[in-house]
Protein chains: 2
Amino acid sequence: MIKVVILGAGNVAIHLAKAFQNASGVKIVQRYNQSERNNSEFDPLIPFTKDLKKLDVADVYILSITDDAVADFSKKLKFKNGVVAHTSGSLSIDALQCKARKGVFYPLQTFTKEKKIDFKNIPICLETKNNDDLLLLKDLAGSISDKVYELNSQQREKLHIAAVFANNFSNHMFKIAYDLCESNQINFDILKPLILETAKKIENISPEMAQTGPAKRKDKKTIQKHLSQLEGIQKEIYILVTKSITETYSHGKEL
Amino acid sequence: MIKVVILGAGNVAIHLAKAFQNASGVKIVQRYNQSERNNSEFDPLIPFTKDLKKLDVADVYILSITDDAVADFSKKLKFKNGVVAHTSGSLSIDALQCKARKGVFYPLQTFTKEKKIDFKNIPICLETKNNDDLLLLKDLAGSISDKVYELNSQQREKLHIAAVFANNFSNHMFKIAYDLCESNQINFDILKPLILETAKKIENISPEMAQTGPAKRKDKKTIQKHLSQLEGIQKEIYILVTKSITETYSHGKEL
């Protein structure tokens with residue numbers, strides 16, 4: 001039985017707590033947060049404390065707080081046993097300044113409080129300072145997810161940047177599409193199957209193989225027609241991304 | 001029974017032919033193409049001709065050829081009965097210069113020859129010059145899809161631009177993420193569940209509600225950290241899309 005203490009009460013903490021409670025071989029022995037925020041989102045049977053001095057003994061302390069607070073907060077953790085693992089994609093393992101052993105337990109997903117999450121398919125990226133701790137975190141991650149990866153801090157940082165493009169920026173492309181629809185009285189639902197197919201496609205083929213559209217086929221006439229109907233930052237984005245696609249697929253051919 | 005002639009032999013023609021053959025109330029009476037290209041992709045039982053003078057009589061002539069060829073090719077269609085409908089997202093209905101009545105039958109999807117398509121969920125956008133023709137095309141579209149919309153040429157043009165953002169550009173964001181993974185020995189599979197979730201999310205909530213990430217929360221520290229690790233056009237895109245997200249969600253607040 002892996003004993004876990006969860007520190008923090010944000011979206012990731014909420015979803016991890018739910019997942020661990022449904023997992024076998026794992027017991028959440030305690031939760032800590034500096035306030036009662038989001039307490040109703042957690043099982044009331046999990047003992048809760050606001051006093052760091054009263055933390056229970058555990059094998060793993062999941063530290064799920066905002067990136068900026070990790071360094072200072074971890075300094076306050078004076079105990080020496082167990083692994084303290086932060087859940088941040090962009091922080092190094094050495095951002096932790098606790099006395100205990102250090103780890104990273106980073107679930108790569110976009111969490112919304114309201115939406116139920118099936119952890120089985122959420123990749124969890126682990127990092128530790130030694131092999132025993134890696135095995136421990138692998139057991140813990142494996143209890144809730146089928147997709148457990150080991151990444152060092154540098155890789156995780158790059159992965160986080162990649163995730164910004166793959167998730168945040170692609171969602172912003174959807175937002176621009178939404179705005180274009182709205183300002184022309186077009187039902188955005190028309191685009192939803194296309195968006196879903198765009199994501200599903202790359203389950204099986206690479207984004208390079210999946211690329212289509214006027215920029216890919218260097219269809220200057222269509223590109224010009226589109227540009228004449230765009231303005232402001234939408235137009236700037238169209239120009240820059242078109243340039244990037246054109247360069248990506250030119251492979252030495254004349255533009 | 002709606003009689004259909006399919007002109008052209010590209011991806012859209014191939015997929016439409018398959019869908020119509022499985023539909024009830026529709027019969028493909030003939031196919032035309034200027035060459036035997038892709039003939040093996042079509043049911044050999046559909047009569048095929050390369051001679052425009054030998055076109056059969058039909059209710060609807062689906063003209064599925066490249067945008068640039070539509071005007072000139074449609075001039076060659078001398079018959080006066082039936083509706084000639086092009087399948088282009090970016091062409092006006094008046095790009096057609098045939099003698100027969102004009103229509104648009106635009107299935108909004110990213111078609112790959114290899115991938116099987118379930119037309120039931122593919123939106124088909126229709127335009128005609130009169131109501132009878134609209135009802136005819138609605139019947140035809142409704143025989144293969146549950147999602148039939150009426151859009152005028154201007155709306156369809158805007159929708160096409162929106163689709164470039166929603167599909168082509170978001171796929172390019174996936175490509176950049178792929179490249180970042182590859183150059184750092186990170187398995188791109190780690191990102192696939194996130195990408196799928198990004199698309200699934202907006203089935204139920206708006207892209208605006210779904211937006212997360214450093215740009216949305218104006219996390220300058222993370223943005224700077226990311227920028228210091230990017231270069232070239234990837235960096236330019238990061239800067240511009242971040243600026244666009246920040247502006248979108250500032251709503252008059254100080255940046």
# chains A, B, ... in the order shown; residues from 1 in each chain; ligands from 1

call {"tool": "residues_around", "arguments": {"residues": "Pro123 (chain B)", "least_positions_apart": "6", "cutoff": "12 Å", "atoms": "only C-alpha atoms", "output": "ChimeraX atom specification"}}
result
/A:187-195 /B:89,105-110,138,141-142,144-151,159

call {"tool": "write_last_selection", "arguments": {"atoms": "C-alpha atoms", "output": "PDB file, in the first residue's frame"}}
result
ATOM      1  CA  ASN A 187     -23.187  27.875 -36.925  1.00  0.00           C
ATOM      2  CA  PHE A 188     -19.864  26.856 -35.316  1.00  0.00           C
ATOM      3  CA  ASP A 189     -21.235  23.296 -35.019  1.00  0.00           C
ATOM      4  CA  ILE A 190     -20.431  22.908 -38.731  1.00  0.00           C
ATOM      5  CA  LEU A 191     -16.733  22.925 -37.827  1.00  0.00           C
ATOM      6  CA  LYS A 192     -16.845  20.515 -34.893  1.00  0.00           C
ATOM      7  CA  PRO A 193     -16.604  17.255 -36.866  1.00  0.00           C
ATOM      8  CA  LEU A 194     -13.642  18.671 -38.794  1.00  0.00           C
ATOM      9  CA  ILE A 195     -11.887  19.648 -35.579  1.00  0.00           C
TER      10      ILE A 195
ATOM     11  CA  GLY B  89     -15.577  25.523 -50.077  1.00  0.00           C
ATOM     12  CA  PHE B 105     -22.667  20.678 -52.474  1.00  0.00           C
ATOM     13  CA  TYR B 106     -19.750  21.231 -50.118  1.00  0.00           C
ATOM     14  CA  PRO B 107     -18.864  18.505 -47.623  1.00  0.00           C
ATOM     15  CA  LEU B 108     -16.717  20.081 -44.930  1.00  0.00           C
ATOM     16  CA  GLN B 109     -14.122  17.496 -44.052  1.00  0.00           C
ATOM     17  CA  THR B 110     -10.469  16.707 -44.530  1.00  0.00           C
ATOM     18  CA  LYS B 138     -31.256  18.630 -49.285  1.00  0.00           C
ATOM     19  CA  ALA B 141     -27.276  15.442 -48.902  1.00  0.00           C
ATOM     20  CA  GLY B 142     -29.701  14.028 -46.337  1.00  0.00           C
ATOM     21  CA  ILE B 144     -25.716  10.422 -46.728  1.00  0.00           C
ATOM     22  CA  SER B 145     -25.389  12.927 -43.860  1.00  0.00           C
ATOM     23  CA  ASP B 146     -27.332  13.940 -40.773  1.00  0.00           C
ATOM     24  CA  LYS B 147     -25.782  17.407 -40.863  1.00  0.00           C
ATOM     25  CA  VAL B 148     -27.059  19.475 -43.741  1.00  0.00           C
ATOM     26  CA  TYR B 149     -26.714  23.254 -43.704  1.00  0.00           C
ATOM     27  CA  GLU B 150     -27.666  26.028 -46.084  1.00  0.00           C
ATOM     28  CA  LEU B 151     -24.963  28.657 -46.529  1.00  0.00           C
ATOM     29  CA  LEU B 159     -16.348  29.115 -43.317  1.00  0.00           C
TER      30      LEU B 159
END

call {"tool": "residues_around", "arguments": {"residues": "Phe79 (chain B)", "least_positions_apart": "3", "cutoff": "9 Å", "atoms": "only C-alpha atoms", "output": "list of chain:residue names"}}
result
B:Val57, B:Gly82, B:Cys98, B:Lys99, B:Ala100

call {"tool": "select_by_dssp", "arguments": {"residues": "region 22-253 of chain B", "states": "helix (DSSP H, G or I)", "output": "number ranges by chain"}}
result
B: 22, 39-41, 52-54, 67-75, 93-95, 119-121, 131-142, 153-182, 188-204, 207-210, 220-227, 232-248

call {"tool": "write_last_selection", "arguments": {"atoms": "C-alpha atoms", "output": "mmCIF file, in the first residue's frame"}}
result
data_model
loop_
_atom_site.group_PDB
_atom_site.id
_atom_site.type_symbol
_atom_site.label_atom_id
_atom_site.label_comp_id
_atom_site.auth_asym_id
_atom_site.auth_seq_id
_atom_site.Cartn_x
_atom_site.Cartn_y
_atom_site.Cartn_z
ATOM 1 C CA ASN B 22 -24.690 3.012 -49.827
ATOM 2 C CA ASN B 39 -10.622 4.392 -61.641
ATOM 3 C CA SER B 40 -9.776 1.482 -59.362
ATOM 4 C CA GLU B 41 -11.121 3.503 -56.423
ATOM 5 C CA LEU B 52 -18.460 14.936 -72.213
ATOM 6 C CA LYS B 53 -20.780 14.534 -75.197
ATOM 7 C CA LYS B 54 -21.911 11.203 -73.834
ATOM 8 C CA ASP B 67 -11.146 24.956 -57.876
ATOM 9 C CA ASP B 68 -9.144 26.499 -60.686
ATOM 10 C CA ALA B 69 -10.740 24.253 -63.302
ATOM 11 C CA VAL B 70 -14.388 24.752 -62.308
ATOM 12 C CA ALA B 71 -15.124 27.869 -64.405
ATOM 13 C CA ASP B 72 -13.628 26.630 -67.666
ATOM 14 C CA PHE B 73 -14.838 23.082 -67.285
ATOM 15 C CA SER B 74 -18.393 24.110 -66.461
ATOM 16 C CA LYS B 75 -18.545 26.142 -69.689
ATOM 17 C CA ILE B 93 -21.945 29.420 -56.839
ATOM 18 C CA ASP B 94 -21.423 31.803 -59.770
ATOM 19 C CA ALA B 95 -18.064 30.276 -60.567
ATOM 20 C CA PHE B 119 -20.517 10.591 -43.942
ATOM 21 C CA LYS B 120 -23.291 10.632 -41.345
ATOM 22 C CA ASN B 121 -21.342 13.161 -39.282
ATOM 23 C CA ASN B 131 -36.046 26.636 -53.485
ATOM 24 C CA ASP B 132 -36.881 23.551 -55.569
ATOM 25 C CA ASP B 133 -33.216 22.932 -56.210
ATOM 26 C CA LEU B 134 -32.480 23.454 -52.533
ATOM 27 C CA LEU B 135 -35.023 20.766 -51.632
ATOM 28 C CA LEU B 136 -33.460 18.434 -54.205
ATOM 29 C CA LEU B 137 -29.938 18.936 -52.848
ATOM 30 C CA LYS B 138 -31.256 18.630 -49.285
ATOM 31 C CA ASP B 139 -32.716 15.246 -50.171
ATOM 32 C CA LEU B 140 -29.461 14.185 -51.785
ATOM 33 C CA ALA B 141 -27.276 15.442 -48.902
ATOM 34 C CA GLY B 142 -29.701 14.028 -46.337
ATOM 35 C CA SER B 153 -21.438 31.897 -51.080
ATOM 36 C CA GLN B 154 -20.122 34.602 -48.786
ATOM 37 C CA GLN B 155 -20.712 32.530 -45.659
ATOM 38 C CA ARG B 156 -19.116 29.488 -47.278
ATOM 39 C CA GLU B 157 -16.055 31.532 -48.121
ATOM 40 C CA LYS B 158 -15.741 32.668 -44.505
ATOM 41 C CA LEU B 159 -16.348 29.115 -43.317
ATOM 42 C CA HIS B 160 -13.514 27.976 -45.543
ATOM 43 C CA ILE B 161 -11.176 30.503 -43.927
ATOM 44 C CA ALA B 162 -12.381 29.383 -40.501
ATOM 45 C CA ALA B 163 -11.663 25.777 -41.508
ATOM 46 C CA VAL B 164 -8.111 26.727 -42.476
ATOM 47 C CA PHE B 165 -7.564 27.936 -38.909
ATOM 48 C CA ALA B 166 -9.470 25.069 -37.283
ATOM 49 C CA ASN B 167 -7.899 22.291 -39.332
ATOM 50 C CA ASN B 168 -4.788 23.309 -41.301
ATOM 51 C CA PHE B 169 -3.335 25.680 -38.746
ATOM 52 C CA SER B 170 -4.124 23.592 -35.672
ATOM 53 C CA ASN B 171 -2.537 20.618 -37.444
ATOM 54 C CA HIS B 172 0.546 22.756 -38.000
ATOM 55 C CA MET B 173 0.632 23.448 -34.253
ATOM 56 C CA PHE B 174 0.688 19.650 -33.820
ATOM 57 C CA LYS B 175 3.543 19.485 -36.328
ATOM 58 C CA ILE B 176 5.604 22.023 -34.367
ATOM 59 C CA ALA B 177 4.896 20.059 -31.189
ATOM 60 C CA TYR B 178 5.993 16.901 -33.026
ATOM 61 C CA ASP B 179 9.243 18.539 -34.119
ATOM 62 C CA LEU B 180 9.954 19.789 -30.583
ATOM 63 C CA CYS B 181 9.427 16.259 -29.267
ATOM 64 C CA GLU B 182 11.551 14.653 -31.923
ATOM 65 C CA PHE B 188 5.178 12.163 -29.472
ATOM 66 C CA ASP B 189 2.610 9.610 -28.238
ATOM 67 C CA ILE B 190 2.725 11.430 -24.892
ATOM 68 C CA LEU B 191 0.932 14.357 -26.536
ATOM 69 C CA LYS B 192 -1.767 12.415 -28.378
ATOM 70 C CA PRO B 193 -4.290 12.142 -25.522
ATOM 71 C CA LEU B 194 -3.905 15.890 -24.891
ATOM 72 C CA ILE B 195 -4.531 16.661 -28.547
ATOM 73 C CA LEU B 196 -7.612 14.467 -28.647
ATOM 74 C CA GLU B 197 -8.947 16.033 -25.465
ATOM 75 C CA THR B 198 -8.342 19.518 -26.885
ATOM 76 C CA ALA B 199 -10.675 18.713 -29.775
ATOM 77 C CA LYS B 200 -13.219 16.799 -27.687
ATOM 78 C CA LYS B 201 -13.496 19.618 -25.168
ATOM 79 C CA ILE B 202 -15.017 22.035 -27.644
ATOM 80 C CA GLU B 203 -17.811 19.597 -28.458
ATOM 81 C CA ASN B 204 -19.406 20.872 -25.278
ATOM 82 C CA PRO B 207 -13.010 27.497 -27.444
ATOM 83 C CA GLU B 208 -13.037 30.599 -25.263
ATOM 84 C CA MET B 209 -14.046 28.583 -22.215
ATOM 85 C CA ALA B 210 -11.569 25.837 -23.104
ATOM 86 C CA LYS B 220 5.086 36.130 -18.230
ATOM 87 C CA LYS B 221 7.729 34.074 -16.441
ATOM 88 C CA THR B 222 6.760 30.826 -18.194
ATOM 89 C CA ILE B 223 6.342 32.636 -21.519
ATOM 90 C CA GLN B 224 9.852 34.069 -21.233
ATOM 91 C CA LYS B 225 11.252 30.666 -20.296
ATOM 92 C CA HIS B 226 9.613 29.123 -23.347
ATOM 93 C CA LEU B 227 10.793 31.897 -25.659
ATOM 94 C CA GLY B 232 13.278 30.990 -35.857
ATOM 95 C CA ILE B 233 9.716 30.797 -37.044
ATOM 96 C CA GLN B 234 8.633 28.622 -34.090
ATOM 97 C CA LYS B 235 9.554 31.532 -31.834
ATOM 98 C CA GLU B 236 7.763 34.026 -34.088
ATOM 99 C CA ILE B 237 4.604 31.912 -33.955
ATOM 100 C CA TYR B 238 4.857 31.547 -30.170
ATOM 101 C CA ILE B 239 5.143 35.342 -29.800
ATOM 102 C CA LEU B 240 2.298 36.177 -32.168
ATOM 103 C CA VAL B 241 -0.202 33.576 -30.943
ATOM 104 C CA THR B 242 0.619 34.438 -27.326
ATOM 105 C CA LYS B 243 -0.051 38.103 -28.149
ATOM 106 C CA SER B 244 -3.354 37.151 -29.778
ATOM 107 C CA ILE B 245 -4.450 35.022 -26.816
ATOM 108 C CA THR B 246 -3.447 37.735 -24.354
ATOM 109 C CA GLU B 247 -5.406 40.361 -26.294
ATOM 110 C CA THR B 248 -8.422 38.064 -26.643
#

call {"tool": "select_by_dssp", "arguments": {"residues": "region 72-242 of chain B", "states": "strand (DSSP E or B)", "output": "ChimeraX atom specification"}}
result
/B:83-86,101-107,124-128,148-150

call {"tool": "write_last_selection", "arguments": {"atoms": "N, CA and C atoms", "output": "JSON list (two decimals), in the first residue's frame"}}
result
[["chain", "number", "residue", "atom", "x", "y", "z"],
["B", 83, "VAL", "N", -29.26, 19.97, -62.04],
["B", 83, "VAL", "CA", -28.46, 20.92, -61.27],
["B", 83, "VAL", "C", -27.00, 20.49, -61.33],
["B", 84, "VAL", "N", -26.14, 21.41, -61.71],
["B", 84, "VAL", "CA", -24.70, 21.16, -61.62],
["B", 84, "VAL", "C", -24.21, 21.79, -60.32],
["B", 85, "ALA", "N", -23.67, 20.95, -59.43],
["B", 85, "ALA", "CA", -23.24, 21.46, -58.12],
["B", 85, "ALA", "C", -21.75, 21.21, -57.94],
["B", 86, "HIS", "N", -21.00, 22.28, -57.68],
["B", 86, "HIS", "CA", -19.58, 22.06, -57.36],
["B", 86, "HIS", "C", -19.43, 21.74, -55.87],
["B", 101, "ARG", "N", -29.02, 24.56, -64.21],
["B", 101, "ARG", "CA", -29.13, 25.27, -62.95],
["B", 101, "ARG", "C", -27.89, 25.01, -62.09],
["B", 102, "LYS", "N", -27.61, 25.97, -61.21],
["B", 102, "LYS", "CA", -26.36, 25.90, -60.45],
["B", 102, "LYS", "C", -26.59, 25.57, -58.98],
["B", 103, "GLY", "N", -25.64, 24.88, -58.41],
["B", 103, "GLY", "CA", -25.72, 24.57, -56.99],
["B", 103, "GLY", "C", -24.35, 24.36, -56.38],
["B", 104, "VAL", "N", -24.33, 24.30, -55.06],
["B", 104, "VAL", "CA", -23.09, 23.96, -54.34],
["B", 104, "VAL", "C", -23.41, 22.84, -53.39],
["B", 105, "PHE", "N", -22.52, 21.86, -53.32],
["B", 105, "PHE", "CA", -22.67, 20.68, -52.47],
["B", 105, "PHE", "C", -21.29, 20.47, -51.83],
["B", 106, "TYR", "N", -21.09, 21.15, -50.71],
["B", 106, "TYR", "CA", -19.75, 21.23, -50.12],
["B", 106, "TYR", "C", -19.67, 20.42, -48.81],
["B", 107, "PRO", "N", -19.05, 19.27, -48.86],
["B", 107, "PRO", "CA", -18.86, 18.51, -47.62],
["B", 107, "PRO", "C", -17.63, 19.02, -46.90],
["B", 124, "ILE", "N", -22.68, 18.93, -44.62],
["B", 124, "ILE", "CA", -22.72, 19.27, -46.04],
["B", 124, "ILE", "C", -23.41, 20.62, -46.18],
["B", 125, "CYS", "N", -22.70, 21.55, -46.81],
["B", 125, "CYS", "CA", -23.21, 22.91, -46.93],
["B", 125, "CYS", "C", -23.74, 23.12, -48.35],
["B", 126, "LEU", "N", -25.00, 23.53, -48.42],
["B", 126, "LEU", "CA", -25.68, 23.62, -49.70],
["B", 126, "LEU", "C", -25.96, 25.07, -50.08],
["B", 127, "GLU", "N", -25.98, 25.31, -51.39],
["B", 127, "GLU", "CA", -26.45, 26.59, -51.91],
["B", 127, "GLU", "C", -27.08, 26.34, -53.27],
["B", 128, "THR", "N", -28.19, 27.02, -53.53],
["B", 128, "THR", "CA", -28.84, 26.91, -54.85],
["B", 128, "THR", "C", -29.39, 28.28, -55.22],
["B", 148, "VAL", "N", -26.92, 18.73, -42.50],
["B", 148, "VAL", "CA", -27.06, 19.47, -43.74],
["B", 148, "VAL", "C", -27.35, 20.94, -43.41],
["B", 149, "TYR", "N", -26.56, 21.83, -43.98],
["B", 149, "TYR", "CA", -26.71, 23.25, -43.70],
["B", 149, "TYR", "C", -26.88, 24.02, -45.01],
["B", 150, "GLU", "N", -27.58, 25.14, -44.93],
["B", 150, "GLU", "CA", -27.67, 26.03, -46.08],
["B", 150, "GLU", "C", -26.79, 27.25, -45.81]]

call {"tool": "closest_residue", "arguments": {"among": "A:Leu7, A:Ile46, A:Ala23, A:Ala215", "to": "Thr87 (chain A)", "atoms": "only C-alpha atoms"}}
result
A:Leu7

call {"tool": "atom_distance", "arguments": {"atom1": "CA of Leu91 (chain B)", "atom2": "CA of Tyr61 (chain B)"}}
result
16.5 Å

call {"tool": "atom_distance", "arguments": {"atom1": "CA of Ser88 (chain A)", "atom2": "CA of His15 (chain A)"}}
result
14.5 Å

call {"tool": "closest_residue", "arguments": {"among": "B:Asn81, B:Ser64, B:Ser143, B:Gln229", "to": "Val26 (chain B)", "atoms": "only C-alpha atoms"}}
result
B:Ser143

call {"tool": "atom_distance", "arguments": {"atom1": "CA of Pro47 (chain B)", "atom2": "CA of Lys129 (chain B)"}}
result
29.5 Å
